[in-house]
Number of protein chains: 2
Amino acid sequence: MPTLQNESSYHQRLSALRIERGALCVGIDPHPQILHQWGLNDDADGVERCSRTMVEALGDVAAVFKPQVALFECHGSRGMAVLERLLADIRVAGALSIADVKRGDIGSTMAGYARAWLGDDSTLRADAMTVSPYLGFESLRPALDLARQTGRGVYVLARTSNPEGDTVQLARDEQGAVVAQLIVDAAQRENEISGSNHVGLVVGATHDDLGVNLSQHTGSLLVPGIGFQGGRISDIESMFTTSADRVLPAASRAILAAGPSAQSLREAAFSLIDY
Amino acid sequence: MPTLQNESSYHQRLSALRIERGALCVGIDPHPQILHQWGLNDDADGVERCSRTMVEALGDVAAVFKPQVALFECHGSRGMAVLERLLADIRVAGALSIADVKRGDIGSTMAGYARAWLGDDSTLRADAMTVSPYLGFESLRPALDLARQTGRGVYVLARTSNPEGDTVQLARDEQGAVVAQLIVDAAQRENEISGSNHVGLVVGATHDDLGVNLSQHTGSLLVPGIGFQGGRISDIESMFTTSADRVLPAASRAILAAGPSAQSLREAAFSLIDY
């Protein structure tokens with residue numbers, strides 16, 4: 001049975017939804033304190049209620065949902081079963097899903113992670129996954145290739161907003177290029193080869209000076225922390241100059257904190273989309 | 001109810017088991033081709049049969065088991081439930097477990113991963129977990145702290161054996177130190193502060209020149225790929241000079257390929273322990 005994933009690329013589907021719904025990625029981060037605020041228990045049932053309520057309330061509003069997988073994983077296999085149901089909800093709602101997993105390994109192990117999140121037959125399949133390149137950009141090859149094959153996407157951690165990331169991300173190679181720029185450039189080479197822009201980047205919104213040049217990047221730029229971690233949507237245009245139209249701002253707590261009322265969740269989301 | 005984890009540190013328990021059983025970490029990597037070779041299906045049931053057979057056969061032989069979590073995760077929540085049962089088997093066998101997950105994130109998300117793998121109440125609790133520092137060593141703080149509190153361990157990716165890792169791991173800071181060395185040094189500072197050596201490192205065995213100095217490291221050094229990826233146990237003494245007694249060699253396929261016969265698995269393990 002052909003799926004929507006096989007019929008168009010992730011980038012095409014994302015572009016279409018951006019036009020239809022606006023550029024907003026709703027992070028689903030059922031942290032203990034959010035569960036408490038919503039009057040839910042800090043267990044798999046609480047996570048299910050919180051996360052599926054988000055899609056019930058916003059499934060026709062948000063272009064993309066980004067479940068934060070750590071917060072399902074910490075409830076063990078029951079939490080992962082909740083995530084499977086949540087990802088199915090997102091598909092039914094006609095939105096896209098980014099599994100925020102930041103996986104990174106080598107060889108057949110990396111292939112296992114790719115299969116989990118990008119494989120057509122996986123119960124955990126999403127439209128895209130986030131990956132981490134400490135083992136080198138090329139170590140991500142199984143995910144890059146499977147995403148291209150299945151019409152899905154990969155977001156590679158490049159330059160993040162936490163200050164302690166500098167030690168790794170701003171270290172330099174022998175030619176003087178910073179690690180984050182090497183990742184950005186390698187991602188763009190993939191996009192040029194594939195022609196499908198299936199490789200996106202995760203880039204922080206709260207650095208005044210990112211230290212990287214994103215102007216050549218033709219994939220999606222996932223920018224977390226909008227409305228909470230200090231990033232502002234109004235900053236985006238000035239930060240990302242030539243590629244502002246490729247930016248996918250992600251908001252998590254700024255929306256979650258408005259719950260559990262569906263009406264309040266929708267208002268919080270709309271306030272971020274209207275920019 | 002106090003657990004063994006709370007009564008002694010990971011490093012103490014590991015040191016005791018090394019004396020009792022020898023220094024061997026058995027990787028449990030139920031890859032599709034291993035499942036095929038064992039006559040099992042490439043599904044959660046096949047993974048359960050393969051992985052639990054490993055602990056049945058080697059539970060009194062190996063000091064440590066290291067499940068490769070990607071290969072459970074790719075079977076969704078059912079695969080993760082298998083992993084929960086496997087981790088319980090390892091506890092019952094009196095061996096230690098390292099969840100090879102290479103997780104890395106920031107803040108409360110990293111706290112979620114720490115809770116999943118190092119929390120006393122988690123169904124996925126292991127004795128140690130592997131973590132990835134692309135977001136900076138300090139981003140791992142929730143795992144470093146929870147490991148210390150619960151008598152567990154953390155293995156930080158530092159210098160891996162895959163050649164494509166060089167671009168990140170051998171990049172240099174403004175003082176000329178390579179990223180991998182900064183990770184090694186930060187891990188050692190943690191060990192000095194805690195006095196419990198709860199922070200180990202993942203270091204590849206197949207680099208002739210690692211490019212890092214491990215002589216000051218007092219935690220455990222997890223060295224994967226023994227007997228298969230080109231690493232040889234006989235190399236260990238020359239590679240790790242002053243810290244050879246802290247090296248924990250991990251073998252996966254070299255043992256798995258001998259299965260499913262319990263006798264053959266034991267012979268393969270003993271051949272690696274006797275060095």
# chains A, B, ... in the order shown; residues from 1 in each chain; ligands from 1
call {"tool": "closest_atom_pairs", "arguments": {"of": "range 83-180 of chain B", "to": "range 85-106 of chain A", "cutoff": "7 Å", "atoms": "only C-alpha atoms", "output": "CSV"}}
result
residue,atom,partner,partner_atom,distance
B:Lys102,CA,A:Gly104,CA,6.8
B:Arg103,CA,A:Arg103,CA,6.7
B:Gly104,CA,A:Lys102,CA,6.8
call {"tool": "write_last_selection", "arguments": {"atoms": "all heavy atoms", "output": "tab-separated table (two decimals), in the first residue's frame"}}
result
chain	number	residue	atom	x	y	z
B	102	LYS	N	23.59	6.14	23.84
B	102	LYS	CA	24.23	7.35	23.29
B	102	LYS	C	23.27	8.54	23.26
B	102	LYS	O	23.21	9.28	22.29
B	102	LYS	CB	24.82	7.06	21.89
B	102	LYS	CG	25.89	5.96	21.93
B	102	LYS	CD	26.59	5.76	20.59
B	102	LYS	CE	27.69	4.72	20.67
B	102	LYS	NZ	27.22	3.34	20.91
B	103	ARG	N	22.55	8.74	24.35
B	103	ARG	CA	21.62	9.85	24.43
B	103	ARG	C	22.37	11.15	24.71
B	103	ARG	O	23.41	11.15	25.39
B	103	ARG	CB	20.58	9.62	25.52
B	103	ARG	CG	19.73	8.35	25.36
B	103	ARG	CD	18.97	8.30	24.06
B	103	ARG	NE	17.94	7.27	24.04
B	103	ARG	CZ	17.95	6.20	23.23
B	103	ARG	NH1	18.91	6.01	22.35
B	103	ARG	NH2	16.96	5.34	23.28
B	104	GLY	N	21.81	12.24	24.24
B	104	GLY	CA	22.38	13.54	24.52
B	104	GLY	C	21.37	14.63	24.22
B	104	GLY	O	20.87	14.71	23.10
call {"tool": "closest_atom_pairs", "arguments": {"of": "chain A", "to": "chain B", "cutoff": "8 Å", "atoms": "only C-alpha atoms", "output": "tab-separated table"}}
result
residue	atom	partner	partner_atom	distance
A:His31	CA	B:Ser108	CA	7.5
A:Gln68	CA	B:Thr109	CA	7.5
A:Ala70	CA	B:Gly112	CA	5.1
A:Leu71	CA	B:Gly112	CA	5.4
A:Glu73	CA	B:Ala116	CA	6.1
A:Cys74	CA	B:Ala116	CA	3.8
A:His75	CA	B:Ala116	CA	6.8
A:Gly76	CA	B:Thr123	CA	5.7
A:Ser77	CA	B:Ser77	CA	5.0
A:Arg78	CA	B:Ser77	CA	7.1
A:Met80	CA	B:Ser77	CA	5.1
A:Ala81	CA	B:Ser77	CA	5.1
A:Glu84	CA	B:Ser77	CA	7.6
A:Lys102	CA	B:Gly104	CA	6.8
A:Arg103	CA	B:Arg103	CA	6.7
A:Gly104	CA	B:Lys102	CA	6.8
A:Asp105	CA	B:Lys102	CA	7.3
A:Ile106	CA	B:Asn162	CA	7.6
A:Ser108	CA	B:His31	CA	7.5
A:Thr109	CA	B:Ala70	CA	6.0
A:Met110	CA	B:Ala70	CA	7.3
A:Gly112	CA	B:Ala70	CA	5.1
A:Tyr113	CA	B:Ala70	CA	5.2
A:Ala114	CA	B:Cys74	CA	8.0
A:Arg115	CA	B:Cys74	CA	5.7
A:Ala116	CA	B:Cys74	CA	3.8
A:Trp117	CA	B:Cys74	CA	7.6
A:Ser122	CA	B:Gly76	CA	6.9
A:Thr123	CA	B:Gly76	CA	5.7
A:Leu124	CA	B:Gly76	CA	5.8
A:Ser132	CA	B:Tyr134	CA	6.8
A:Pro133	CA	B:Tyr134	CA	6.9
A:Tyr134	CA	B:Tyr134	CA	5.2
A:Leu135	CA	B:Gly165	CA	4.4
A:Gly136	CA	B:Gly165	CA	4.2
A:Phe137	CA	B:Glu164	CA	7.2
A:Glu138	CA	B:Glu164	CA	5.9
A:Ser139	CA	B:Glu164	CA	6.5
A:Thr160	CA	B:Leu135	CA	7.0
A:Asn162	CA	B:Leu135	CA	7.4
A:Glu164	CA	B:Gly136	CA	5.1
A:Gly165	CA	B:Gly136	CA	4.2
A:Asp166	CA	B:Gly136	CA	6.9
A:Thr167	CA	B:Gly136	CA	6.2
A:Val168	CA	B:Gly136	CA	6.0
A:Gln169	CA	B:Tyr134	CA	7.1
A:Leu170	CA	B:Asp173	CA	7.5
A:Ala171	CA	B:Asp173	CA	4.7
A:Arg172	CA	B:Ala171	CA	4.9
A:Asp173	CA	B:Ala171	CA	4.7
A:Glu174	CA	B:Ala171	CA	7.5
A:Val178	CA	B:Ala171	CA	8.0
A:Val179	CA	B:Val168	CA	6.0
call {"tool": "atom_distance", "arguments": {"atom1": "CA of Ala23 in chain B", "atom2": "CA of Gln37 in chain B"}}
result
27.2 Å
call {"tool": "closest_residue", "arguments": {"among": "B:Gly225, B:Gly204, B:Gly211, B:Gly151", "to": "Arg253 in chain B", "atoms": "only C-alpha atoms"}}
result
B:Gly225
call {"tool": "atom_distance", "arguments": {"atom1": "CA of Ala143 in chain A", "atom2": "CA of Val212 in chain A"}}
result
23.7 Å
call {"tool": "select_by_dssp", "arguments": {"residues": "range 8-230 of chain A", "states": "alpha helix (DSSP H)", "output": "number ranges by chain"}}
result
A: 10-21, 32-37, 44-58, 70-73, 76-92, 107-118, 141-150, 166-169, 179-194
call {"tool": "residues_around", "arguments": {"residues": "range 254-266 of chain B", "least_positions_apart": "5", "cutoff": "10 Å", "atoms": "only C-alpha atoms", "output": "ChimeraX atom specification"}}
result
/B:26-31,33-35,37-40,49-51,53-62,225-229,271-272
